[in-house]
Amino acid sequence: MRSILASAVALSSIIAGTTVSGGLLAPEAHAQAASSDLIRRVIVQGNERIEARTVESYLLLEPGQPFDPERVDLSLKTLFETGLFADVIIARDGDNLVVQVVENPIINQVIFEGNRAHDDEKLSEEIQAAPRGVFTAARVQADVQRILEVYRRSGRFSVDVTPQYVPLDQNRVDLIFEITEGPVTGVRSINFIGNEVYADRRLRSEIVTRQSRFWRFFSSNDNYDPDRLEYDRELLRQFYANQGYADFRVVSAVAELTPDQEDFYITFTIDEGEQYDFGEITVETALDKLNSDTLEAIIPIREGTLFRGDLIEDTVDSLTFAAGIAGYAFVDVRPRIERDPETRKVNIVFAIDEGPRVYIERINIVGNTRTLDRVIRREMRISEGDAFNRVLIDQSRNRIRRLGFFEDVEIEENPGSLPDRTEVDVRVTEGPTGEVSFAAGFSSVDAFLLDLNFTERNWRGRGQYLASRIQTSSRQQTIDFRFTEPRFLDRDLVAGLDVFSTRTDFLDIADYETQTIGTSGRIGFPLTDRMNMNLRYTLRQDDVQIRDRDIVIDANGRIVRDTDFPFFIVSVEPVPANVPTGGQIVDQCDLANLDRTSLCRQERTDLSSIVGYSFSWDRRNDPIRPTRGFDLGFSQEFAGFGGDVFYVKTEGAATLYRGLWRDFIASLRFSGGYVSSFNDDDLRINNRFFRGGNTFRGFDVAGLGPRDVIIDMDTTGNVTNVRRASNQSSLGGKMYAVGTLELAVPNFLPEEYGIRTSLFTEFGTVGLLDEADRTPEQVFEVTDANGDVTGYQILRTEDEASLRAAAGISIFWDSPFGPIRFDFSQILASEEYDRTETFRFSTSTQF
């Protein structure tokens, strides 16, 4: 590589047109001109952009001062350290001090060539060189090292970076980094030496680094990264410590390049040591308000159980929290660990002392390039001037993480201006919060699906939520707009507005379709850190249309032919094609049809005015993949404050989570609801409950619950068959109760596949229709060719709130085309008229 510094000097000299004159010759050549030892004036030569006064300000010599070789040398060094000059010469010309400078060029633009693995924006963030910056050899070399480090972190160790430049007029240059990326350096194998208890395969699953395999094309964890290797050492230590191996240590972690220089061999040498149990656990404290016996009762460690390192950290957190509740904001909890190799016991003494009082002098928000400071500060549980409290600091971090705006959140404490002062730095890394997506797909639920969605969870950096969506499928077409302000009126209130238009086609399951247009306003507020209350008002118009279907009735208004309901044909002989005398062809819901079903009363347009509230209580340890805790929700709607619809709807759900072992996570969920009309008003079918599909696996959409059925009987009155009147005869119910027991299980597939599995069983029921919503029971004779009665057919509404149950396996795939869920079910309990299914695939909800 050419000498950048020498070239820059030559380049600058050419651009500047500088001629080194005799004024820069040695002082001896001008001895005859010297008349005194004092500097008469300072002459700056060669400068173009930089003012002469700026150059003089860095000198340690001024006119009227004597010539001092030491000060000249210091001035020379000072000018070089500014980074503004490629070369500086200071000489004496008689009584004048001549400073000859060659300015460093200015960078016009920075260009990256050959980079494919990392885009220009990523590399620009890593280097110091930037347009309008000063071009220096040292900075360029430092930037080369930074680019090399970026590529090495992504597994490219054979990368080569060559800096070049193109001279321009006005002492400017284009800086070019020519990059030869080379292949990705993978991990050919990961080996362990010294492990006797756990096999290599088990230990490989505990670390982040993975062996390079063809199916890991979506992951970078199979690229060699020395920083990740250090993290793997810590993961191994944590794993063994949580299995009772208190003496475990990683002797060495060595990465060796393969002979073909394409991959690495990684070898961990470990010393497992002996397995320990917890011994005597005691708490020592001199604080008046803390009782040792009481504190020992709340710690999660029990004597005689297997030693686990993470329980020590949990105990420290528990004791710190307990002390905070007792009023001690400053405590120091120090565990003293004593190992007894003979008994293989670990005795621990937790010593609690009151720490020095420290107050928060300043809270600094760092890294928020988009989110406003106040959005982050309002999530803090502490303020400037408050006493420092570790518990509140941790709660603040969790609240900021829960916003979902940041990829990483770290809170650090730094010394303040006084010993009892501290500065708190909240460091955040902005993550993507906006999404514009277009999706197209097919599922067994909605057939085809088209979805255009715009979502911004941090609108204008103010934490506001904005979303608009257009979705169409064979069953539903939706247009909606949603806006949420998380701090309404600058208070701890969440306010939102929704506008929506939805057309739903239930013709294939319940024989009706609806067109809904409406708007909803909502406001929410916290009751505690874990409890929230939301109030809402909805005004909507529902247009319910029953499927148009021609039937044939006789002169008495009774059905004689209905192709969808063959039980109306009372003779085994084919019914003549002509209309009977006095009869006519009418729509199924025509008033002339005396046999019309109860569903026909639902065909109308209603205006609903609904006031509601919802309560939520979240005690989960993690909002994404909980392993402990529970969440609970309860809501009610009251329709009738104006409008045409009058009902009260109540729903509730609760889920309990429990991590059993490693990736085995159990959850138990109960949900239920009840809706009833008042003011002598019947309950519209679109306000009833339907269950099935994703809401009750093993049954089709609206596949269980009240339904019009046909009961076949012989002449003696014995029931020979019970069947659905049609697939469109689902009526919904006023009540539902569903329980779900689910167990997430490992599937031993690579994590890069994004596949999770769970076993499930669901049980529950739907029912309790009002009498007015049931189809009146009708009995029809079945005759043979001679006119003799051979049996009977009964049409009626079946509403047995009997137990239904199913079990199976669900597979979740986070595919490149979007999340997909596959459900394989086995029916355990059902009614003869239910619509069941053993397989379903659809867009997925979390499980």
# chains A, B, ... in the order shown; residues from 1 in each chain; ligands from 1
call {"tool": "residues_around", "arguments": {"residues": "Pro131 in chain A", "least_positions_apart": "3", "cutoff": "6 Å", "atoms": "only C-alpha atoms", "output": "mmCIF file with all heavy atoms, in the first residue's frame"}}
result
data_model
loop_
_atom_site.group_PDB
_atom_site.id
_atom_site.type_symbol
_atom_site.label_atom_id
_atom_site.label_comp_id
_atom_site.auth_asym_id
_atom_site.auth_seq_id
_atom_site.Cartn_x
_atom_site.Cartn_y
_atom_site.Cartn_z
ATOM 1 N N ILE A 107 -12.091 15.710 3.131
ATOM 2 C CA ILE A 107 -12.761 14.573 2.498
ATOM 3 C C ILE A 107 -14.040 15.069 1.827
ATOM 4 O O ILE A 107 -14.908 15.669 2.475
ATOM 5 C CB ILE A 107 -13.079 13.486 3.527
ATOM 6 C CG1 ILE A 107 -11.783 12.949 4.151
ATOM 7 C CG2 ILE A 107 -13.876 12.351 2.888
ATOM 8 C CD1 ILE A 107 -12.013 11.974 5.286
ATOM 9 N N ASN A 108 -14.140 14.834 0.536
ATOM 10 C CA ASN A 108 -15.350 15.194 -0.200
ATOM 11 C C ASN A 108 -16.451 14.157 0.019
ATOM 12 O O ASN A 108 -17.592 14.487 0.332
ATOM 13 C CB ASN A 108 -15.027 15.324 -1.688
ATOM 14 C CG ASN A 108 -16.259 15.641 -2.516
ATOM 15 O OD1 ASN A 108 -16.938 16.625 -2.259
ATOM 16 N ND2 ASN A 108 -16.553 14.808 -3.499
ATOM 17 N N GLN A 109 -16.114 12.871 -0.113
ATOM 18 C CA GLN A 109 -17.063 11.794 0.130
ATOM 19 C C GLN A 109 -16.305 10.521 0.455
ATOM 20 O O GLN A 109 -15.142 10.361 0.087
ATOM 21 C CB GLN A 109 -17.989 11.570 -1.063
ATOM 22 C CG GLN A 109 -17.268 11.174 -2.340
ATOM 23 C CD GLN A 109 -18.223 10.916 -3.492
ATOM 24 O OE1 GLN A 109 -19.378 10.537 -3.283
ATOM 25 N NE2 GLN A 109 -17.743 11.092 -4.716
#
call {"tool": "residues_around", "arguments": {"residues": "range 497-505 of chain A", "least_positions_apart": "2", "cutoff": "7 Å", "atoms": "only C-alpha atoms", "output": "compact mmCIF listing (two decimals) with C-alpha atoms, in the first residue's frame"}}
result
# COMPACT_ATOMS: atom_id res chain seq x y z
CA ARG A 475 -64.70 -14.92 4.90
CA GLN A 476 -63.93 -11.35 5.96
CA GLN A 477 -63.07 -7.96 4.51
CA THR A 478 -61.80 -5.32 6.93
CA ILE A 479 -60.67 -1.70 6.80
CA ASP A 480 -59.66 -0.16 10.09
CA PHE A 481 -57.65 2.72 11.52
CA ARG A 482 -56.31 2.84 15.10
CA PHE A 483 -54.52 5.56 17.05
CA THR A 484 -53.32 5.39 20.66
CA LEU A 507 -73.11 -18.09 5.07
CA TYR A 512 -75.95 -15.08 7.51
CA GLU A 513 -73.55 -12.24 6.70
CA THR A 514 -72.99 -8.88 8.37
CA GLN A 515 -71.76 -5.44 7.37
CA THR A 516 -70.45 -3.45 10.34
CA ILE A 517 -69.37 0.21 10.34
CA GLY A 518 -68.39 1.98 13.52
CA THR A 519 -66.03 3.90 15.72
CA SER A 520 -64.71 3.36 19.21
CA GLY A 521 -63.05 5.59 21.78
CA ARG A 522 -61.10 4.23 24.74
call {"tool": "select_by_dssp", "arguments": {"residues": "range 134-221 of chain A", "states": "strand (DSSP E)", "output": "PyMOL selection string"}}
result
chain A and resi 160-168+172-180+186-193
call {"tool": "closest_residue", "arguments": {"among": "A:Gly182, A:Gly64, A:Gly404, A:Gly385", "to": "Thr422 in chain A", "atoms": "only C-alpha atoms"}}
result
A:Gly385
call {"tool": "residues_around", "arguments": {"residues": "Ile312 in chain A", "least_positions_apart": "6", "cutoff": "12 Å", "atoms": "only C-alpha atoms", "output": "number ranges by chain"}}
result
A: 238, 241-242, 246, 278, 281, 299-302, 318-319, 333-337, 346-350
call {"tool": "write_last_selection", "arguments": {"atoms": "N, CA, C and O atoms", "output": "short mmCIF file (atom, residue, chain, number, x, y, z; two decimals), in the first residue's frame"}}
result
data_model
loop_
_atom_site.label_atom_id
_atom_site.label_comp_id
_atom_site.auth_asym_id
_atom_site.auth_seq_id
_atom_site.Cartn_x
_atom_site.Cartn_y
_atom_site.Cartn_z
N GLN A 238 -22.46 -20.99 33.93
CA GLN A 238 -23.79 -20.89 34.50
C GLN A 238 -24.52 -22.23 34.46
O GLN A 238 -25.22 -22.61 35.40
N ALA A 241 -23.02 -24.52 37.10
CA ALA A 241 -23.34 -24.00 38.43
C ALA A 241 -24.79 -24.29 38.79
O ALA A 241 -25.11 -24.55 39.97
N ASN A 242 -25.69 -24.28 37.81
CA ASN A 242 -27.10 -24.57 38.08
C ASN A 242 -27.39 -26.06 38.17
O ASN A 242 -28.51 -26.45 38.48
N ALA A 246 -20.24 -26.52 41.75
CA ALA A 246 -19.77 -25.22 42.23
C ALA A 246 -18.30 -24.98 41.90
O ALA A 246 -17.85 -23.83 41.88
N PHE A 278 -26.90 -27.61 48.64
CA PHE A 278 -26.92 -26.49 49.56
C PHE A 278 -26.81 -27.00 51.00
O PHE A 278 -27.46 -27.98 51.38
N ILE A 281 -27.98 -22.34 55.33
CA ILE A 281 -28.25 -21.02 54.75
C ILE A 281 -28.71 -20.09 55.87
O ILE A 281 -29.73 -20.37 56.53
N ILE A 299 -36.37 -16.55 51.47
CA ILE A 299 -35.38 -16.84 50.44
C ILE A 299 -35.72 -18.16 49.75
O ILE A 299 -36.28 -19.07 50.38
N PRO A 300 -35.42 -18.30 48.48
CA PRO A 300 -35.84 -19.48 47.71
C PRO A 300 -34.93 -20.69 47.87
O PRO A 300 -35.13 -21.70 47.18
N ILE A 301 -33.90 -20.62 48.72
CA ILE A 301 -32.95 -21.73 48.88
C ILE A 301 -33.35 -22.57 50.08
O ILE A 301 -33.67 -22.02 51.15
N ARG A 302 -33.29 -23.89 49.93
CA ARG A 302 -33.58 -24.80 51.03
C ARG A 302 -32.40 -25.75 51.23
O ARG A 302 -31.83 -26.26 50.27
N SER A 318 -34.18 -10.87 46.24
CA SER A 318 -35.31 -10.96 47.17
C SER A 318 -35.01 -10.20 48.47
O SER A 318 -35.88 -9.48 48.99
N LEU A 319 -33.79 -10.35 48.99
CA LEU A 319 -33.44 -9.66 50.22
C LEU A 319 -33.35 -8.15 50.01
O LEU A 319 -33.75 -7.37 50.88
N VAL A 333 -26.12 -6.38 50.20
CA VAL A 333 -26.30 -7.81 50.49
C VAL A 333 -25.11 -8.56 49.90
O VAL A 333 -24.92 -8.57 48.68
N ARG A 334 -24.32 -9.16 50.76
CA ARG A 334 -23.12 -9.86 50.31
C ARG A 334 -23.19 -11.33 50.73
O ARG A 334 -23.21 -11.63 51.91
N PRO A 335 -23.24 -12.24 49.75
CA PRO A 335 -23.22 -13.67 50.11
C PRO A 335 -21.79 -14.15 50.36
O PRO A 335 -20.89 -13.90 49.56
N ARG A 336 -21.59 -14.82 51.48
CA ARG A 336 -20.31 -15.45 51.79
C ARG A 336 -20.48 -16.96 51.57
O ARG A 336 -21.24 -17.62 52.25
N ILE A 337 -19.77 -17.45 50.55
CA ILE A 337 -19.93 -18.84 50.13
C ILE A 337 -18.76 -19.67 50.65
O ILE A 337 -17.60 -19.32 50.45
N VAL A 346 -22.49 -26.63 50.27
CA VAL A 346 -22.16 -25.21 50.12
C VAL A 346 -22.95 -24.44 51.16
O VAL A 346 -24.18 -24.38 51.10
N ASN A 347 -22.24 -23.91 52.14
CA ASN A 347 -22.86 -23.10 53.19
C ASN A 347 -22.78 -21.63 52.78
O ASN A 347 -21.73 -21.15 52.34
N ILE A 348 -23.88 -20.93 52.94
CA ILE A 348 -23.94 -19.53 52.50
C ILE A 348 -24.47 -18.66 53.64
O ILE A 348 -25.48 -19.00 54.28
N VAL A 349 -23.78 -17.56 53.88
CA VAL A 349 -24.23 -16.55 54.83
C VAL A 349 -24.49 -15.27 54.03
O VAL A 349 -23.58 -14.73 53.38
N PHE A 350 -25.72 -14.78 54.08
CA PHE A 350 -26.08 -13.53 53.42
C PHE A 350 -25.99 -12.41 54.45
O PHE A 350 -26.82 -12.33 55.37
#
call {"tool": "closest_residue", "arguments": {"among": "A:Thr838, A:Val187, A:Thr715, A:Tyr58", "to": "Phe780 in chain A", "atoms": "only C-alpha atoms"}}
result
A:Thr715
call {"tool": "atom_distance", "arguments": {"atom1": "CA of Ile382 in chain A", "atom2": "CA of Ile360 in chain A"}}
result
8.6 Å
call {"tool": "select_by_dssp", "arguments": {"residues": "range 49-79 of chain A", "states": "helix (DSSP H, G or I)", "output": "MDAnalysis selection string"}}
result
chainID A and resid 52:57 69:79
call {"tool": "atom_distance", "arguments": {"atom1": "CA of Leu795 in chain A", "atom2": "CA of Val709 in chain A"}}
result
5.9 Å
call {"tool": "residues_around", "arguments": {"residues": "Gly732 in chain A", "least_positions_apart": "6", "cutoff": "8 Å", "atoms": "only C-alpha atoms", "output": "short mmCIF file (atom, residue, chain, number, x, y, z; two decimals) with N, CA and C atoms, in the first residue's frame"}}
result
data_model
loop_
_atom_site.label_atom_id
_atom_site.label_comp_id
_atom_site.auth_asym_id
_atom_site.auth_seq_id
_atom_site.Cartn_x
_atom_site.Cartn_y
_atom_site.Cartn_z
N ILE A 685 -77.96 -12.53 16.53
CA ILE A 685 -77.05 -13.65 16.33
C ILE A 685 -75.60 -13.18 16.26
N ARG A 688 -73.89 -13.16 19.71
CA ARG A 688 -73.73 -14.41 20.46
C ARG A 688 -72.30 -14.92 20.33
N PHE A 689 -72.01 -15.97 21.05
CA PHE A 689 -70.67 -16.56 21.05
C PHE A 689 -70.62 -17.74 20.09
N PHE A 690 -69.58 -17.78 19.29
CA PHE A 690 -69.27 -18.92 18.43
C PHE A 690 -67.87 -19.40 18.78
N ALA A 702 -67.23 -22.30 14.44
CA ALA A 702 -68.63 -22.43 14.86
C ALA A 702 -69.08 -23.88 14.79
N GLY A 705 -71.89 -26.21 19.61
CA GLY A 705 -72.90 -25.32 20.17
C GLY A 705 -74.26 -25.54 19.55
N PRO A 706 -75.22 -24.69 19.89
CA PRO A 706 -76.60 -24.85 19.41
C PRO A 706 -76.67 -24.89 17.89
N ARG A 707 -77.56 -25.76 17.39
CA ARG A 707 -77.66 -25.94 15.94
C ARG A 707 -79.02 -26.57 15.63
N VAL A 766 -70.56 -24.65 24.62
CA VAL A 766 -71.23 -23.43 24.18
C VAL A 766 -72.72 -23.72 24.16
N GLY A 767 -73.57 -22.78 24.65
CA GLY A 767 -75.01 -23.05 24.60
C GLY A 767 -75.85 -22.01 25.30
N LEU A 769 -79.41 -21.05 24.59
CA LEU A 769 -80.18 -20.11 23.77
C LEU A 769 -81.50 -19.75 24.45
#
call {"tool": "closest_residue", "arguments": {"among": "A:Ile352, A:Ala52, A:Val586, A:Val283", "to": "Arg549 in chain A", "atoms": "only C-alpha atoms"}}
result
A:Val586
call {"tool": "residues_around", "arguments": {"residues": "range 265-271 of chain A", "least_positions_apart": "4", "cutoff": "12 Å", "atoms": "only C-alpha atoms", "output": "NGL selection string"}}
result
:A and (185-198 or 200 or 203-204 or 207 or 209-212 or 222-226 or 228-230 or 232-233 or 236-237 or 240 or 245-261 or 275)
call {"tool": "closest_residue", "arguments": {"among": "A:Val375, A:Val316, A:Leu489, A:Val173", "to": "Gly463 in chain A", "atoms": "only C-alpha atoms"}}
result
A:Val375
call {"tool": "residues_around", "arguments": {"residues": "range 663-667 of chain A", "least_positions_apart": "4", "cutoff": "6 Å", "atoms": "only C-alpha atoms", "output": "ChimeraX atom specification"}}
result
/A:656-659,741-746
call {"tool": "write_last_selection", "arguments": {"atoms": "N, CA and C atoms", "output": "mmCIF file, in the first residue's frame"}}
result
data_model
loop_
_atom_site.group_PDB
_atom_site.id
_atom_site.type_symbol
_atom_site.label_atom_id
_atom_site.label_comp_id
_atom_site.auth_asym_id
_atom_site.auth_seq_id
_atom_site.Cartn_x
_atom_site.Cartn_y
_atom_site.Cartn_z
ATOM 1 N N LEU A 656 -52.383 -19.619 33.750
ATOM 2 C CA LEU A 656 -51.309 -19.894 34.698
ATOM 3 C C LEU A 656 -50.153 -20.541 33.948
ATOM 4 N N TYR A 657 -48.917 -20.032 34.164
ATOM 5 C CA TYR A 657 -47.735 -20.536 33.475
ATOM 6 C C TYR A 657 -46.776 -21.158 34.490
ATOM 7 N N ARG A 658 -46.129 -22.247 34.038
ATOM 8 C CA ARG A 658 -45.182 -22.922 34.922
ATOM 9 C C ARG A 658 -44.114 -23.631 34.089
ATOM 10 N N GLY A 659 -42.860 -23.214 34.271
ATOM 11 C CA GLY A 659 -41.764 -23.920 33.635
ATOM 12 C C GLY A 659 -41.444 -25.184 34.406
ATOM 13 N N LEU A 741 -55.304 -26.913 28.451
ATOM 14 C CA LEU A 741 -54.068 -27.342 29.114
ATOM 15 C C LEU A 741 -53.045 -27.582 28.021
ATOM 16 N N GLU A 742 -51.926 -26.864 28.079
ATOM 17 C CA GLU A 742 -50.945 -26.918 27.004
ATOM 18 C C GLU A 742 -49.555 -27.123 27.587
ATOM 19 N N LEU A 743 -48.752 -27.884 26.862
ATOM 20 C CA LEU A 743 -47.382 -28.161 27.279
ATOM 21 C C LEU A 743 -46.458 -27.924 26.097
ATOM 22 N N ALA A 744 -45.644 -26.873 26.189
ATOM 23 C CA ALA A 744 -44.629 -26.627 25.158
ATOM 24 C C ALA A 744 -43.497 -27.621 25.352
ATOM 25 N N VAL A 745 -43.115 -28.304 24.279
ATOM 26 C CA VAL A 745 -42.103 -29.359 24.360
ATOM 27 C C VAL A 745 -41.024 -29.092 23.325
ATOM 28 N N PRO A 746 -39.788 -29.487 23.611
ATOM 29 C CA PRO A 746 -38.721 -29.332 22.610
ATOM 30 C C PRO A 746 -38.920 -30.317 21.463
#
call {"tool": "atom_distance", "arguments": {"atom1": "CA of Glu303 in chain A", "atom2": "CA of Thr285 in chain A"}}
result
19.9 Å
call {"tool": "closest_residue", "arguments": {"among": "A:Asp631, A:Glu384, A:Asp590, A:Glu781", "to": "Ser671 in chain A", "atoms": "only C-alpha atoms"}}
result
A:Asp631
call {"tool": "closest_residue", "arguments": {"among": "A:Ala387, A:Ile111, A:Ala785, A:Leu235", "to": "Glu178 in chain A", "atoms": "only C-alpha atoms"}}
result
A:Ile111
